[in-house]
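Q: What follows is a structure written as structure tokens; I'll ask about it next.
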Amino acid sequence: MAEGLARARFGDRARVQSAGSQPATVNPFAVEALADVGIDISQHSSKHVENIDPADVDVVITLCAEEVCPVFPARVRHLAWPLPDPAGSGTEAEQRARFRRTRDEIARRLEALEI
């Protein structure tokens, strides 16, 4: 979700890359939560952080709360936004609500970010 929101927010002003330490499929609730605000991530795929060249990175935003966060060179500006993973147990309505809350929180933080 963060990649889709950042791409929509910054457009051509920033090269946005997203990756994780344990990539999996893109959660359908994430696709739905962004579709609700007009952003299509249905063709996105989850990528591993090892596939990101640190030389091409100026700012890293980590969302990991319980997971292991990647480490980047000291010259890279690092923003830690520890957000709980919205995926998990509960009814579909509860999961949708968690994804929407997470979407809204990431969007709020991106709005305050100057790139």
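We name chains A, B, ... following the order of the structure tokens; residues begin at 1 in each chain, and ligands are numbered from 1 as shown.
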Which polymer residues have any atom within 9 Å of an atom of A:Ala19, counting only C-alpha atoms, with same-chain residues fewer than 2 positions away left out, as a compact mmCIF listing (two decimals) with all heavy atoms, in the first residue's frame?

A:
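The new file result_27.txt reads:
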# COMPACT_ATOMS: atom_id res chain seq x y z
N GLU A 3 3.75 1.81 -1.33
CA GLU A 3 4.27 2.12 -2.66
C GLU A 3 3.20 2.79 -3.52
O GLU A 3 3.46 3.82 -4.16
CB GLU A 3 4.77 0.85 -3.35
CG GLU A 3 5.27 1.10 -4.76
CD GLU A 3 5.74 -0.16 -5.48
OE1 GLU A 3 5.81 -1.24 -4.86
OE2 GLU A 3 6.04 -0.04 -6.68
N GLN A 17 10.28 2.83 -4.62
CA GLN A 17 10.50 1.39 -4.65
C GLN A 17 10.02 0.83 -3.32
O GLN A 17 10.19 1.46 -2.29
CB GLN A 17 11.99 1.06 -4.81
CG GLN A 17 12.62 1.64 -6.06
CD GLN A 17 14.09 1.31 -6.11
OE1 GLN A 17 14.46 0.23 -6.55
NE2 GLN A 17 14.93 2.23 -5.64
N SER A 21 11.41 -7.71 3.91
CA SER A 21 12.37 -8.74 4.29
C SER A 21 11.81 -10.13 4.06
O SER A 21 12.56 -11.09 3.93
CB SER A 21 12.78 -8.57 5.76
OG SER A 21 11.65 -8.58 6.60
N GLN A 22 10.47 -10.25 4.00
CA GLN A 22 9.82 -11.52 3.72
C GLN A 22 8.65 -11.27 2.75
O GLN A 22 7.49 -11.30 3.15
CB GLN A 22 9.32 -12.16 5.01
CG GLN A 22 10.42 -12.52 5.96
CD GLN A 22 9.88 -13.11 7.25
OE1 GLN A 22 8.69 -13.07 7.54
NE2 GLN A 22 10.77 -13.67 8.04
N PRO A 23 8.96 -11.01 1.48
CA PRO A 23 7.90 -10.68 0.53
C PRO A 23 6.92 -11.84 0.34
O PRO A 23 7.29 -13.00 0.41
CB PRO A 23 8.65 -10.36 -0.75
CG PRO A 23 9.98 -10.99 -0.61
CD PRO A 23 10.28 -11.07 0.85
N SER A 46 5.11 -8.18 -4.67
CA SER A 46 5.95 -8.02 -3.50
C SER A 46 7.39 -8.35 -3.88
O SER A 46 7.66 -9.33 -4.58
CB SER A 46 5.45 -8.97 -2.40
OG SER A 46 6.08 -8.71 -1.20
N LYS A 47 8.32 -7.50 -3.46
CA LYS A 47 9.73 -7.68 -3.81
C LYS A 47 10.59 -7.80 -2.55
O LYS A 47 10.20 -7.32 -1.50
CB LYS A 47 10.20 -6.49 -4.66
CG LYS A 47 9.43 -6.37 -5.98
CD LYS A 47 9.47 -5.00 -6.59
CE LYS A 47 8.58 -3.98 -5.99
NZ LYS A 47 7.15 -4.08 -6.10
N HIS A 48 11.74 -8.42 -2.69
CA HIS A 48 12.65 -8.58 -1.55
C HIS A 48 13.59 -7.38 -1.48
O HIS A 48 14.05 -6.86 -2.50
CB HIS A 48 13.46 -9.87 -1.69
CG HIS A 48 14.08 -10.29 -0.39
ND1 HIS A 48 15.20 -9.69 0.12
CD2 HIS A 48 13.69 -11.22 0.50
CE1 HIS A 48 15.49 -10.24 1.29
NE2 HIS A 48 14.59 -11.19 1.54
N VAL A 49 13.89 -6.95 -0.27
CA VAL A 49 14.75 -5.79 -0.05
C VAL A 49 16.14 -5.98 -0.67
O VAL A 49 16.79 -5.00 -1.06
CB VAL A 49 14.83 -5.44 1.46
CG1 VAL A 49 15.64 -6.48 2.22
CG2 VAL A 49 15.37 -4.05 1.67
N GLU A 50 16.60 -7.20 -0.81
CA GLU A 50 17.91 -7.45 -1.42
C GLU A 50 17.93 -7.06 -2.89
O GLU A 50 19.00 -6.93 -3.47
CB GLU A 50 18.31 -8.91 -1.24
CG GLU A 50 18.62 -9.26 0.21
CD GLU A 50 18.96 -10.73 0.41
OE1 GLU A 50 18.89 -11.51 -0.57
OE2 GLU A 50 19.28 -11.09 1.55
N ASN A 51 16.77 -6.88 -3.50
CA ASN A 51 16.69 -6.49 -4.91
C ASN A 51 16.78 -4.98 -5.11
O ASN A 51 16.73 -4.51 -6.24
CB ASN A 51 15.41 -7.02 -5.54
CG ASN A 51 15.38 -8.53 -5.58
OD1 ASN A 51 16.42 -9.17 -5.64
ND2 ASN A 51 14.21 -9.10 -5.54
N ILE A 52 16.90 -4.23 -4.03
CA ILE A 52 17.02 -2.77 -4.09
C ILE A 52 18.50 -2.41 -3.98
O ILE A 52 19.18 -2.83 -3.05
CB ILE A 52 16.25 -2.09 -2.94
CG1 ILE A 52 14.77 -2.50 -2.95
CG2 ILE A 52 16.44 -0.58 -2.97
CD1 ILE A 52 13.93 -1.87 -4.01

Q: What residues in chain A get the DSSP label strand (DSSP E)? Please answer as a list of chain:residue names.

A: A:Val59, A:Val60, A:Ile61, A:Thr62, A:Arg77, A:His78, A:Leu79, A:Ala80

Q: Please, could you write that set of residues out with N, CA, C and O atoms as an mmCIF file, in the first residue's frame?

A:
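again-v2.cif, freshly written:
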data_model
loop_
_atom_site.group_PDB
_atom_site.id
_atom_site.type_symbol
_atom_site.label_atom_id
_atom_site.label_comp_id
_atom_site.auth_asym_id
_atom_site.auth_seq_id
_atom_site.Cartn_x
_atom_site.Cartn_y
_atom_site.Cartn_z
ATOM 1 N N VAL A 59 16.131 8.068 0.572
ATOM 2 C CA VAL A 59 15.272 8.038 1.750
ATOM 3 C C VAL A 59 14.679 6.641 1.876
ATOM 4 O O VAL A 59 14.197 6.078 0.899
ATOM 5 N N VAL A 60 14.711 6.101 3.089
ATOM 6 C CA VAL A 60 14.074 4.818 3.374
ATOM 7 C C VAL A 60 13.013 5.058 4.444
ATOM 8 O O VAL A 60 13.290 5.687 5.469
ATOM 9 N N ILE A 61 11.827 4.573 4.165
ATOM 10 C CA ILE A 61 10.764 4.602 5.159
ATOM 11 C C ILE A 61 10.458 3.158 5.514
ATOM 12 O O ILE A 61 10.054 2.373 4.653
ATOM 13 N N THR A 62 10.700 2.814 6.760
ATOM 14 C CA THR A 62 10.392 1.456 7.200
ATOM 15 C C THR A 62 9.076 1.480 7.964
ATOM 16 O O THR A 62 8.826 2.368 8.775
ATOM 17 N N ARG A 77 18.769 8.838 4.419
ATOM 18 C CA ARG A 77 17.806 9.355 5.397
ATOM 19 C C ARG A 77 16.820 8.239 5.719
ATOM 20 O O ARG A 77 16.233 7.636 4.811
ATOM 21 N N HIS A 78 16.630 7.984 7.012
ATOM 22 C CA HIS A 78 15.769 6.882 7.429
ATOM 23 C C HIS A 78 14.627 7.413 8.285
ATOM 24 O O HIS A 78 14.850 8.115 9.270
ATOM 25 N N LEU A 79 13.420 7.082 7.896
ATOM 26 C CA LEU A 79 12.231 7.418 8.668
ATOM 27 C C LEU A 79 11.591 6.114 9.125
ATOM 28 O O LEU A 79 11.271 5.259 8.298
ATOM 29 N N ALA A 80 11.443 5.950 10.418
ATOM 30 C CA ALA A 80 10.822 4.748 10.966
ATOM 31 C C ALA A 80 9.365 5.046 11.287
ATOM 32 O O ALA A 80 9.072 5.904 12.121
#

Q: Using only C-alpha atoms, pick whichever of A:Ala107, A:Val57, A:Ala33, A:Val16 has the shortest atom-to-atom distance to A:Trp81.

A: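 Distance minimum relative to A:Trp81 lands on A:Ala107.
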
Q: In terms of the shortest atom-to-atom distance over only C-alpha atoms, which of A:Asp53, A:Arg96, A:Ser18, A:Cys69 is closest to A:Leu83?

A: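 Nearest candidate to A:Leu83 out of A:Asp53, A:Arg96, A:Ser18, A:Cys69: A:Cys69.
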
Q: For a quick check of understanding, using only C-alpha atoms, which of A:Phe10, A:Gly4, A:Ile115, A:Ala30 has the smallest distance to A:Asp58?

A: A:Ile115

Q: Between A:Pro54, A:Gly38, A:Gly20, A:Pro28, which has the minimum distance to A:Pro86 (counting only C-alpha atoms)?

A: A:Pro28

Q: Name the closest residue to A:Ala8 among the candidates A:Val37, A:Ala55, A:Ala112, A:Val31; distances are taken between atoms, counting only C-alpha atoms.

A: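 Using only C-alpha atoms, A:Ala8 sits closest to A:Val37.
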
Q: Of the residues A:Pro84, A:Arg75, A:Asp12, A:Asp36, which is the one nearest to A:Ile106, using only C-alpha atoms?

A: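 Counting only C-alpha atoms, the residue closest to A:Ile106 is A:Pro84.
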